[in-house]
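One file, model-v4.cif, carrying mmCIF, C-alpha atoms:
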data_query
loop_
_atom_site.label_atom_id
_atom_site.label_comp_id
_atom_site.auth_asym_id
_atom_site.auth_seq_id
_atom_site.Cartn_x
_atom_site.Cartn_y
_atom_site.Cartn_z
CA MET H 1066 0.00 0.00 0.00
CA GLN H 1067 1.40 3.42 -0.94
CA THR H 1068 2.46 5.63 1.98
CA LEU H 1069 1.58 9.32 2.12
CA SER H 1070 3.57 12.05 3.81
CA PHE H 1071 3.60 15.78 4.39
CA THR H 1072 5.28 18.20 6.79
CA VAL H 1073 3.78 20.61 9.33
CA ASP H 1074 5.38 23.55 11.16
CA ARG H 1075 5.08 24.61 14.82
CA ASN H 1076 1.90 26.55 14.02
CA LEU H 1077 0.41 23.29 12.72
CA ARG H 1078 0.42 24.65 9.17
CA ILE H 1079 1.20 22.39 6.22
CA ARG H 1080 4.60 23.13 4.61
CA SER H 1081 4.92 20.35 2.02
CA TRP H 1082 2.42 18.31 0.04
CA SER H 1083 2.95 15.45 -2.40
CA ASP H 1084 1.31 14.46 -5.68
CA ALA H 1085 0.19 11.23 -4.01
CA LEU H 1086 -1.67 13.21 -1.36
CA GLU H 1087 -3.30 15.30 -4.08
CA SER H 1088 -4.59 12.09 -5.68
CA PHE H 1089 -5.85 10.70 -2.38
CA THR H 1090 -7.48 13.82 -0.97
CA GLY H 1091 -8.45 15.74 -4.11
CA THR H 1092 -6.59 18.82 -2.75
CA ASP H 1093 -3.61 20.20 -4.66
CA ALA H 1094 -0.45 21.64 -3.10
CA SER H 1095 -1.41 25.26 -3.78
CA SER H 1096 -4.61 24.77 -1.78
CA ALA H 1097 -3.06 22.67 1.01
CA VAL H 1098 0.20 24.45 1.83
CA GLY H 1099 -0.31 27.17 4.45
CA LYS H 1100 -3.48 25.69 5.88
CA LYS H 1101 -3.62 24.15 9.33
CA TYR H 1102 -3.56 20.40 8.93
CA THR H 1103 -6.88 20.15 10.80
CA GLU H 1104 -8.59 21.90 7.90
CA LEU H 1105 -7.88 18.84 5.74
CA PHE H 1106 -7.70 16.02 8.30
CA PRO H 1107 -9.55 15.14 11.50
CA GLN H 1108 -7.40 16.34 14.38
CA LEU H 1109 -4.82 13.79 15.50
CA LEU H 1110 -5.12 13.34 19.25
CA VAL H 1111 -3.04 11.52 21.85
CA HIS H 1112 -4.37 11.54 25.42
CA GLU H 1113 -6.87 14.25 24.39
CA LYS H 1114 -4.01 16.53 23.20
CA ASP H 1115 -2.98 17.47 19.68
CA ALA H 1116 -0.49 14.77 18.65
CA VAL H 1117 1.45 17.07 16.29
CA ALA H 1118 1.92 19.71 19.00
CA GLU H 1119 2.91 16.94 21.44
CA SER H 1120 5.55 15.66 19.01
CA PHE H 1121 7.10 19.14 18.92
CA LEU H 1122 6.89 19.45 22.71
CA ARG H 1123 8.38 16.03 23.48
CA GLN H 1124 10.81 16.19 20.52
CA ARG H 1125 10.16 12.56 19.69
CA ALA H 1126 8.13 10.47 17.26
CA LEU H 1127 4.57 9.38 18.02
CA SER H 1128 2.64 6.51 16.42
CA LEU H 1129 -1.14 6.39 16.07
CA LYS H 1130 -3.10 3.31 15.03
CA GLN H 1131 -6.09 3.26 12.66
CA ARG H 1132 -6.99 6.95 12.59
CA PRO H 1133 -9.37 8.47 10.02
CA PHE H 1134 -8.16 10.64 7.16
CA LEU H 1135 -9.94 12.16 4.19
CA CYS H 1136 -9.78 10.24 0.93
CA LEU H 1137 -11.43 12.42 -1.73
CA SER H 1138 -14.92 12.70 -0.20
CA HIS H 1139 -14.73 9.90 2.36
CA HIS H 1140 -12.78 8.95 5.44
CA ARG H 1141 -10.40 6.01 5.39
CA GLN H 1142 -8.33 4.44 8.18
CA ALA H 1143 -4.54 4.70 8.41
CA ASP H 1144 -1.65 4.04 10.78
CA ILE H 1145 0.10 7.38 11.29
CA LYS H 1146 3.63 8.24 12.40
CA ILE H 1147 4.55 11.79 13.44
CA SER H 1148 8.32 12.46 13.52
CA PRO H 1149 10.23 15.69 14.28
CA VAL H 1150 12.60 16.75 11.48
CA ARG H 1151 15.95 18.27 12.49
CA ASN H 1152 17.72 20.65 10.13
CA GLY H 1153 21.39 20.52 11.13
CA HIS H 1154 21.84 21.79 14.68
CA ASP H 1155 18.71 23.98 14.59
CA PRO H 1156 15.79 23.17 16.88
CA PHE H 1157 13.00 21.13 15.37
CA GLN H 1158 10.99 23.39 13.04
CA HIS H 1159 8.87 20.78 11.29
CA VAL H 1160 7.39 17.37 11.83
CA GLN H 1161 6.78 14.81 9.12
CA ILE H 1162 3.43 13.05 9.15
CA VAL H 1163 3.43 9.68 7.37
CA LEU H 1164 0.18 7.82 6.72
CA HIS H 1165 -0.02 4.10 5.98
CA PRO H 1166 -3.58 3.58 4.66
CA SER H 1167 -5.21 0.26 5.49
CA GLU H 1168 -7.08 0.28 2.18
CA PRO H 1169 -6.68 1.97 -1.18
CA CYS H 1170 -8.47 5.16 -2.10
CA THR H 1171 -9.57 4.48 -5.65
CA VAL H 1172 -11.75 6.17 -8.22
CA GLY H 1173 -13.64 2.89 -8.42
CA GLN H 1174 -14.62 3.15 -4.76
CA GLN H 1175 -15.72 6.74 -5.35
CA LEU H 1176 -17.97 5.56 -8.18
CA VAL H 1177 -19.50 2.94 -5.87
CA ASP H 1178 -20.18 5.64 -3.29
CA ALA H 1179 -21.59 7.95 -5.96
CA GLN H 1180 -23.94 5.16 -7.04
CA LYS H 1181 -25.18 4.94 -3.45
CA LEU H 1182 -26.04 8.63 -3.54
CA ILE H 1183 -27.83 8.25 -6.88
CA SER H 1184 -29.86 5.35 -5.46
CA ILE H 1185 -30.70 7.36 -2.36
CA GLY H 1186 -31.79 10.29 -4.53
CA LYS H 1187 -34.15 8.13 -6.59
CA ILE H 1188 -35.66 6.48 -3.52
CA ALA H 1189 -35.97 9.80 -1.68
CA ALA H 1190 -37.73 11.54 -4.58
CA THR H 1191 -40.26 8.71 -4.83
CA LEU H 1192 -40.76 8.70 -1.07
CA ALA H 1193 -41.17 12.47 -0.88
CA HIS H 1194 -44.00 12.41 -3.43
CA GLY H 1195 -45.70 9.38 -1.89
CA VAL H 1196 -45.54 10.38 1.76
CA ARG H 1197 -47.68 13.52 1.60
CA ASN H 1198 -51.11 11.88 1.66
CA PRO H 1199 -50.36 9.49 4.55
CA LEU H 1200 -48.73 12.39 6.39
CA ASN H 1201 -51.93 14.42 6.18
CA ALA H 1202 -53.89 11.47 7.61
CA ILE H 1203 -51.40 11.11 10.48
CA LYS H 1204 -51.61 14.84 11.14
CA GLY H 1205 -55.39 14.66 11.42
CA ALA H 1206 -55.19 11.71 13.82
CA VAL H 1207 -52.65 13.50 16.02
CA VAL H 1208 -54.81 16.62 16.25
CA TYR H 1209 -57.79 14.46 17.26
CA LEU H 1210 -55.77 12.66 19.96
CA ARG H 1211 -54.40 15.95 21.28
CA ASP H 1212 -57.88 17.45 21.64
CA ARG H 1213 -59.50 14.25 22.90
CA TYR H 1214 -56.87 13.45 25.55
CA ALA H 1215 -55.55 16.89 26.46
CA HIS H 1216 -55.86 15.95 30.15
CA GLU H 1217 -53.37 13.09 29.74
CA LYS H 1218 -50.04 14.87 30.26
CA PRO H 1219 -47.66 12.21 28.77
CA LEU H 1220 -49.89 11.73 25.72
CA PHE H 1221 -50.29 15.48 25.29
CA GLU H 1222 -46.49 15.85 25.38
CA PHE H 1223 -46.10 13.21 22.65
CA THR H 1224 -48.78 14.77 20.42
CA GLU H 1225 -47.17 18.22 20.70
CA ILE H 1226 -43.84 16.77 19.56
CA LEU H 1227 -45.55 14.82 16.76
CA GLU H 1228 -47.30 17.94 15.47
CA GLU H 1229 -44.03 19.86 15.50
CA GLU H 1230 -42.22 17.07 13.65
CA ILE H 1231 -45.01 16.66 11.09
CA ALA H 1232 -44.83 20.38 10.30
CA ARG H 1233 -41.06 20.16 10.02
CA LEU H 1234 -41.34 17.12 7.73
CA GLU H 1235 -43.91 18.85 5.51
CA ASN H 1236 -41.58 21.82 5.17
CA PHE H 1237 -38.62 19.55 4.44
CA ILE H 1238 -40.51 17.66 1.72
CA SER H 1239 -41.52 20.92 0.03
CA ARG H 1240 -37.91 22.16 0.08
CA PHE H 1241 -36.58 18.80 -1.07
CA LEU H 1242 -38.82 18.76 -4.13
CA SER H 1243 -37.69 22.25 -5.13
CA THR H 1244 -33.93 22.04 -4.46
CA THR H 1245 -31.02 19.64 -4.81
CA THR H 1246 -28.86 20.88 -1.91
CA PHE H 1247 -28.72 20.63 1.87
CA ASP H 1248 -29.67 24.31 2.16
CA GLY H 1249 -32.24 24.62 4.90
CA ASP H 1250 -33.13 25.93 8.32
CA VAL H 1251 -29.62 26.47 9.71
CA ALA H 1252 -29.87 28.09 13.12
CA ARG H 1253 -28.24 28.12 16.54
CA VAL H 1254 -29.00 24.71 17.99
CA ASP H 1255 -28.80 23.44 21.56
CA VAL H 1256 -27.58 19.88 21.01
CA ASN H 1257 -28.60 18.74 24.51
CA GLU H 1258 -32.12 20.06 23.98
CA LEU H 1259 -32.29 18.15 20.69
CA VAL H 1260 -31.07 14.96 22.39
CA GLN H 1261 -33.72 15.37 25.10
CA LYS H 1262 -36.38 15.52 22.41
CA ILE H 1263 -34.96 12.42 20.74
CA LYS H 1264 -35.05 10.74 24.16
CA VAL H 1265 -38.82 11.14 24.18
CA PHE H 1266 -39.03 9.83 20.60
CA VAL H 1267 -37.16 6.60 21.25
CA SER H 1268 -38.50 5.92 24.76
CA LEU H 1269 -41.41 3.84 23.46
CA GLN H 1270 -39.06 1.76 21.28
CA THR H 1271 -36.64 1.06 24.11
CA TYR H 1272 -39.49 0.31 26.54
CA SER H 1273 -41.14 -2.18 24.18
CA ARG H 1274 -37.82 -3.96 23.60
CA ASP H 1275 -36.80 -3.95 27.29
CA ILE H 1276 -33.71 -1.85 26.52
CA ARG H 1277 -32.29 0.45 29.19
CA SER H 1278 -31.30 3.98 28.14
CA GLU H 1279 -28.65 6.13 29.78
CA TYR H 1280 -28.05 9.80 28.96
CA VAL H 1281 -24.99 11.76 30.12
CA LEU H 1282 -25.18 15.34 28.83
CA GLU H 1283 -22.46 17.88 29.58
CA THR H 1284 -22.80 21.64 29.15
CA LEU H 1285 -22.26 22.59 25.50
CA PRO H 1286 -22.12 25.77 23.42
CA LEU H 1287 -24.68 26.34 20.68
CA ILE H 1288 -23.70 25.36 17.13
CA GLU H 1289 -25.01 26.50 13.77
CA ILE H 1290 -26.65 23.58 12.00
CA SER H 1291 -30.02 22.41 10.72
CA ALA H 1292 -31.73 20.80 13.71
CA PHE H 1293 -33.75 18.65 11.30
CA HIS H 1294 -30.63 17.31 9.54
CA LEU H 1295 -28.84 16.56 12.82
CA GLU H 1296 -31.92 14.94 14.30
CA GLN H 1297 -32.29 12.61 11.30
CA ALA H 1298 -28.60 11.69 11.36
CA LEU H 1299 -28.74 10.85 15.08
CA LEU H 1300 -31.97 8.88 14.73
CA ASN H 1301 -30.47 6.83 11.89
CA VAL H 1302 -27.69 5.66 14.20
CA ILE H 1303 -29.86 5.34 17.33
CA ASN H 1304 -32.44 3.23 15.49
CA ASN H 1305 -29.65 0.97 14.21
CA SER H 1306 -28.39 0.60 17.80
CA ILE H 1307 -31.83 -0.26 19.15
CA GLU H 1308 -32.46 -2.81 16.42
CA SER H 1309 -29.09 -4.46 17.06
CA MET H 1310 -29.89 -5.23 20.73
CA LYS H 1311 -31.91 -7.90 22.44
CA SER H 1312 -33.90 -7.64 25.68
CA GLY H 1313 -31.68 -6.33 28.48
CA GLY H 1314 -29.47 -4.27 26.18
CA VAL H 1315 -28.19 -0.81 27.09
CA LEU H 1316 -28.27 2.29 24.88
CA THR H 1317 -25.95 5.04 26.11
CA ILE H 1318 -25.90 8.56 24.68
CA LYS H 1319 -23.32 11.08 25.85
CA THR H 1320 -22.56 14.65 24.83
CA PHE H 1321 -19.36 16.49 25.65
CA LEU H 1322 -16.94 19.10 24.34
CA THR H 1323 -13.58 17.87 23.07
CA ALA H 1324 -10.54 20.01 22.35
CA GLY H 1325 -9.40 20.55 18.79
CA SER H 1326 -7.37 22.82 16.55
CA PRO H 1327 -8.23 25.30 15.15
CA THR H 1328 -11.64 24.69 16.74
CA SER H 1329 -13.20 22.49 19.40
CA PHE H 1330 -15.78 19.82 18.61
CA ILE H 1331 -19.12 18.89 20.11
CA ALA H 1332 -19.13 15.12 20.52
CA ILE H 1333 -22.33 13.06 20.51
CA GLU H 1334 -21.50 9.48 21.43
CA ILE H 1335 -24.02 6.69 20.83
CA SER H 1336 -23.11 3.28 22.29
CA ASP H 1337 -24.97 -0.01 22.30
CA THR H 1338 -24.42 -3.52 23.61
CA GLY H 1339 -25.54 -5.17 20.39
CA ALA H 1340 -23.88 -7.50 17.91
CA GLY H 1341 -21.10 -5.05 17.06
CA ILE H 1342 -19.43 -4.24 13.75
CA ASP H 1343 -16.43 -6.04 12.30
CA LEU H 1344 -14.45 -2.91 11.41
CA ALA H 1345 -11.71 -4.98 9.81
CA ALA H 1346 -14.23 -6.19 7.22
CA HIS H 1347 -16.21 -2.95 6.87
CA PRO H 1348 -14.64 0.54 6.72
CA ALA H 1349 -16.42 3.11 8.86
CA ASP H 1350 -18.09 4.95 5.99
CA SER H 1351 -19.29 1.91 4.06
CA ALA H 1352 -22.40 1.61 6.27
CA PRO H 1353 -22.21 -2.13 7.03
CA GLN H 1354 -25.92 -2.51 7.56
CA SER H 1355 -28.37 -5.06 6.27
CA PRO H 1356 -30.45 -3.67 3.36
CA GLN H 1357 -33.08 -6.39 3.77
CA HIS H 1358 -33.88 -4.87 7.17
CA GLY H 1359 -34.26 -1.40 5.67
CA ARG H 1360 -31.04 -0.02 7.18
CA GLY H 1361 -28.74 -0.12 4.19
CA PHE H 1362 -28.23 3.64 3.93
CA GLY H 1363 -28.72 4.87 7.52
CA LEU H 1364 -25.09 5.29 8.57
CA PHE H 1365 -24.10 6.40 5.07
CA ILE H 1366 -26.67 9.23 5.13
CA ALA H 1367 -25.63 10.25 8.67
CA ASP H 1368 -22.01 10.44 7.50
CA GLU H 1369 -22.95 12.61 4.50
CA ILE H 1370 -24.91 15.02 6.71
CA VAL H 1371 -22.10 15.37 9.25
CA LYS H 1372 -19.47 15.91 6.53
CA TYR H 1373 -21.64 18.65 5.02
CA TYR H 1374 -21.29 20.57 8.30
CA LYS H 1375 -17.49 20.02 8.30
CA GLY H 1376 -17.61 17.32 10.95
CA HIS H 1377 -16.86 13.62 10.89
CA ILE H 1378 -17.99 10.35 12.44
CA LYS H 1379 -15.84 7.88 14.36
CA ILE H 1380 -16.85 4.26 14.83
CA ARG H 1381 -15.48 1.85 17.42
CA GLY H 1382 -16.73 -1.68 17.68
CA GLU H 1383 -15.93 -5.31 18.03
CA LYS H 1384 -17.91 -8.28 16.81
CA GLY H 1385 -20.17 -9.40 19.65
CA LYS H 1386 -19.23 -6.52 21.96
CA GLY H 1387 -21.33 -3.61 20.77
CA THR H 1388 -20.65 -0.48 18.77
CA THR H 1389 -19.93 3.16 19.58
CA VAL H 1390 -20.60 5.85 16.97
CA THR H 1391 -19.33 9.35 17.77
CA PHE H 1392 -20.50 12.45 15.90
CA LEU H 1393 -17.89 15.25 15.96
CA LEU H 1394 -19.23 18.66 14.96
CA PRO H 1395 -16.97 21.74 14.86
CA VAL H 1396 -17.76 24.70 17.11
CA HIS H 1397 -17.26 27.95 15.22
CA GLU H 1398 -17.41 31.49 16.58
CA MET H 1399 -20.90 32.76 15.80
CA LYS H 1400 -21.47 36.37 14.81
CA GLU H 1401 -24.66 38.26 15.41
CA GLY H 1402 -26.97 38.11 12.43
CA ASN H 1403 -25.38 34.92 11.14
CA HIS H 1404 -28.38 32.78 12.00
CA SER H 1405 -32.05 32.55 11.25
#

Is it possible to express this structure as structure tokens?
Amino acid sequence: MQTLSFTVDRNLRIRSWSDALESFTGTDASSAVGKKYTELFPQLLVHEKDAVAESFLRQRALSLKQRPFLCLSHHRQADIKISPVRNGHDPFQHVQIVLHPSEPCTVGQQLVDAQKLISIGKIAATLAHGVRNPLNAIKGAVVYLRDRYAHEKPLFEFTEILEEEIARLENFISRFLSTTTFDGDVARVDVNELVQKIKVFVSLQTYSRDIRSEYVLETLPLIEISAFHLEQALLNVINNSIESMKSGGVLTIKTFLTAGSPTSFIAIEISDTGAGIDLAAHPADSAPQSPQHGRGFGLFIADEIVKYYKGHIKIRGEKGKGTTVTFLLPVHEMKEGNHS
């Protein structure tokens, strides 16, 4: 497998870039050199600290196993070595980062992934047209239940959420049929508030399957994102987790802030005690789900949504020992007026 390498200075800015890296990432040298490496790669961390900065500080090489890097439009896994470069007797001014990909990044794979998106587009267009009539019937039933059982507090809470989601879905379908992009209702979103709403959504599923849910939510800043997009991405993964577990399983959802450069990331971690994923057989972004159970595109779609907002997804798992999917979304400084 071809190795890839580039150099980074003490300010974490890229100073050299190879033709091989241009082929793998789709970014040429003129665009890469001068940027912080975290603008092109997920931040490399060791003990929650930037591994490149640590290599400078310790003045020694560091090795990282199976870390994600960007291959054209998708993440691949690679073993990574970070080594300080000495120029004569001068102090270390650069480090060399060498990637050993575990799988090739080929145009053929990109065509396979593109075909997935084409298939999703065809299915989604058909679904969007066909769902409107049933949605109106559901909306009418929800309004009836809300009015009929307004005195039942739990049911009233569910119907309020259902009405809100139906309205959001109607709006989404209308936009979807008139546009081909992700453009939508980007606003300042409280991730914990969104997770609390999802908690209500999935509570009936977990209850009926005898699955215990645990939520650990730390204080987070607001981020600019479409709440609808993020909600759908999270539900895709959560539903997969629930379906993977038997009675007595545990679904754990955590939120926390993790350091990064040049920006921090909001992390949303979804863990289950299900069958697990054989990551050696299935790369993280290939969505190793079972199409016959209707979950063939869930993780793939979630990954596309997160990448659109400049984030990425990490997957940890072992066959028979459950799976953990972590959403990492960048926290950017928000200016007044830059939201809806």

Apply the PyMOL selection byres ((chain H and resi 1227-1233) around 10) to the displayed file and report the matching residues as a PyMOL selection string.
chain H and resi 1200-1201+1203-1205+1207-1208+1211+1221-1226+1234-1238+1250+1266+1293

Could you dump the residues just selected with C-alpha atoms as an mmCIF file, in the coordinates of the input?
data_model
loop_
_atom_site.group_PDB
_atom_site.id
_atom_site.type_symbol
_atom_site.label_atom_id
_atom_site.label_comp_id
_atom_site.auth_asym_id
_atom_site.auth_seq_id
_atom_site.Cartn_x
_atom_site.Cartn_y
_atom_site.Cartn_z
ATOM 1 C CA LEU H 1200 -48.730 12.390 6.390
ATOM 2 C CA ASN H 1201 -51.930 14.420 6.180
ATOM 3 C CA ILE H 1203 -51.400 11.110 10.480
ATOM 4 C CA LYS H 1204 -51.610 14.840 11.140
ATOM 5 C CA GLY H 1205 -55.390 14.660 11.420
ATOM 6 C CA VAL H 1207 -52.650 13.500 16.020
ATOM 7 C CA VAL H 1208 -54.810 16.620 16.250
ATOM 8 C CA ARG H 1211 -54.400 15.950 21.280
ATOM 9 C CA PHE H 1221 -50.290 15.480 25.290
ATOM 10 C CA GLU H 1222 -46.490 15.850 25.380
ATOM 11 C CA PHE H 1223 -46.100 13.210 22.650
ATOM 12 C CA THR H 1224 -48.780 14.770 20.420
ATOM 13 C CA GLU H 1225 -47.170 18.220 20.700
ATOM 14 C CA ILE H 1226 -43.840 16.770 19.560
ATOM 15 C CA LEU H 1234 -41.340 17.120 7.730
ATOM 16 C CA GLU H 1235 -43.910 18.850 5.510
ATOM 17 C CA ASN H 1236 -41.580 21.820 5.170
ATOM 18 C CA PHE H 1237 -38.620 19.550 4.440
ATOM 19 C CA ILE H 1238 -40.510 17.660 1.720
ATOM 20 C CA ASP H 1250 -33.130 25.930 8.320
ATOM 21 C CA PHE H 1266 -39.030 9.830 20.600
ATOM 22 C CA PHE H 1293 -33.750 18.650 11.300
#

Quick one: apply the PyMOL selection byres ((chain H and resi 1333) around 10) to the file and drop the selected residues here as JSON, numbers by chain.
{"H": [1256, 1257, 1260, 1282, 1299, 1318, 1319, 1320, 1321, 1322, 1330, 1331, 1332, 1334, 1335, 1336, 1378, 1390, 1391, 1392, 1393, 1394]}

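Distances from H:Pro1219, H:Pro1395, H:Pro1149, H:Gly1325 to H:Tyr1373 were compared using all atoms listed in the file, and the smallest one belongs to H:Pro1395.
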
Which residue, H:Leu1077, H:Val1160, H:Val1111, H:Leu1086, has the smallest gap to H:Ala1324 when you use all atoms listed in the file?
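Comparing H:Leu1077, H:Val1160, H:Val1111, H:Leu1086 against H:Ala1324, the winner is H:Val1111.
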
Test item: residues at most 8 Å from H:Ala1094, only C-alpha atoms, excluding those fewer than 6 positions along its chain, as JSON, numbers by chain:
{"H": [1081, 1082, 1083, 1084, 1087]}

With C-alpha atoms retained, export the selected residues as a PDB file, in the coordinates of the input.
ATOM      1  CA  SER H1081       4.920  20.350   2.020  1.00  0.00           C
ATOM      2  CA  TRP H1082       2.420  18.310   0.040  1.00  0.00           C
ATOM      3  CA  SER H1083       2.950  15.450  -2.400  1.00  0.00           C
ATOM      4  CA  ASP H1084       1.310  14.460  -5.680  1.00  0.00           C
ATOM      5  CA  GLU H1087      -3.300  15.300  -4.080  1.00  0.00           C
TER       6      GLU H1087
END

Suppose you want the space between atom CA of H:Leu1164 and atom CA of H:Lys1146; what is it in Å?
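The value is 6.7 Å.
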
Decode the PyMOL selection byres ((chain H and resi 1301-1317) around 7) for the given file into explicit residues and return them as a list in words.
Arg1274, Asp1275, Ile1276, Arg1277, Ser1278, Glu1279, Tyr1280, Gln1297, Ala1298, Leu1299, Leu1300, Ile1318, Lys1319, Ile1335, Ser1336, Asp1337, Thr1338, Gly1339, Ala1340, Gly1363, Leu1364 and Ala1367 of chain H

Saved selection, atoms kept: C-alpha atoms, as an mmCIF file, in the coordinates of the input:
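Final file, selection-v1.cif:
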data_model
loop_
_atom_site.group_PDB
_atom_site.id
_atom_site.type_symbol
_atom_site.label_atom_id
_atom_site.label_comp_id
_atom_site.auth_asym_id
_atom_site.auth_seq_id
_atom_site.Cartn_x
_atom_site.Cartn_y
_atom_site.Cartn_z
ATOM 1 C CA ARG H 1274 -37.820 -3.960 23.600
ATOM 2 C CA ASP H 1275 -36.800 -3.950 27.290
ATOM 3 C CA ILE H 1276 -33.710 -1.850 26.520
ATOM 4 C CA ARG H 1277 -32.290 0.450 29.190
ATOM 5 C CA SER H 1278 -31.300 3.980 28.140
ATOM 6 C CA GLU H 1279 -28.650 6.130 29.780
ATOM 7 C CA TYR H 1280 -28.050 9.800 28.960
ATOM 8 C CA GLN H 1297 -32.290 12.610 11.300
ATOM 9 C CA ALA H 1298 -28.600 11.690 11.360
ATOM 10 C CA LEU H 1299 -28.740 10.850 15.080
ATOM 11 C CA LEU H 1300 -31.970 8.880 14.730
ATOM 12 C CA ILE H 1318 -25.900 8.560 24.680
ATOM 13 C CA LYS H 1319 -23.320 11.080 25.850
ATOM 14 C CA ILE H 1335 -24.020 6.690 20.830
ATOM 15 C CA SER H 1336 -23.110 3.280 22.290
ATOM 16 C CA ASP H 1337 -24.970 -0.010 22.300
ATOM 17 C CA THR H 1338 -24.420 -3.520 23.610
ATOM 18 C CA GLY H 1339 -25.540 -5.170 20.390
ATOM 19 C CA ALA H 1340 -23.880 -7.500 17.910
ATOM 20 C CA GLY H 1363 -28.720 4.870 7.520
ATOM 21 C CA LEU H 1364 -25.090 5.290 8.570
ATOM 22 C CA ALA H 1367 -25.630 10.250 8.670
#

From the list H:Leu1129, H:Ala1143, H:Lys1386, H:Pro1327, which residue is nearest H:Glu1104 when using all atoms listed in the file?
H:Pro1327

Excluding H:Lys1100 and residues on its chain fewer than 2 positions from it, collect all residues at most 10 Å away from it, counting all atoms listed in the file, and give them as an mmCIF file with C-alpha atoms, in the frame of the given file.
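Output file part.cif follows:
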data_model
loop_
_atom_site.group_PDB
_atom_site.id
_atom_site.type_symbol
_atom_site.label_atom_id
_atom_site.label_comp_id
_atom_site.auth_asym_id
_atom_site.auth_seq_id
_atom_site.Cartn_x
_atom_site.Cartn_y
_atom_site.Cartn_z
ATOM 1 C CA VAL H 1073 3.780 20.610 9.330
ATOM 2 C CA ASN H 1076 1.900 26.550 14.020
ATOM 3 C CA LEU H 1077 0.410 23.290 12.720
ATOM 4 C CA ARG H 1078 0.420 24.650 9.170
ATOM 5 C CA ILE H 1079 1.200 22.390 6.220
ATOM 6 C CA ARG H 1080 4.600 23.130 4.610
ATOM 7 C CA SER H 1095 -1.410 25.260 -3.780
ATOM 8 C CA SER H 1096 -4.610 24.770 -1.780
ATOM 9 C CA ALA H 1097 -3.060 22.670 1.010
ATOM 10 C CA VAL H 1098 0.200 24.450 1.830
ATOM 11 C CA TYR H 1102 -3.560 20.400 8.930
ATOM 12 C CA THR H 1103 -6.880 20.150 10.800
ATOM 13 C CA GLU H 1104 -8.590 21.900 7.900
ATOM 14 C CA LEU H 1105 -7.880 18.840 5.740
#

Please report the interatomic distance between atom CA of H:Gln1131 and atom CA of H:Pro1166 in Å with one decimal.
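Going from atom CA of H:Gln1131 over to atom CA of H:Pro1166, I get 8.4 Å.
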
Go ahead and compute the interatomic distance for atom CA of H:Ala1118 and atom CA of H:Asp1074, in Å to one decimal.
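These atoms are spaced 9.4 Å apart.
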
Residue nearest H:Ser1128 among H:His1165, H:Arg1075, H:Lys1101, H:Arg1253 (counting all atoms listed in the file):
H:His1165
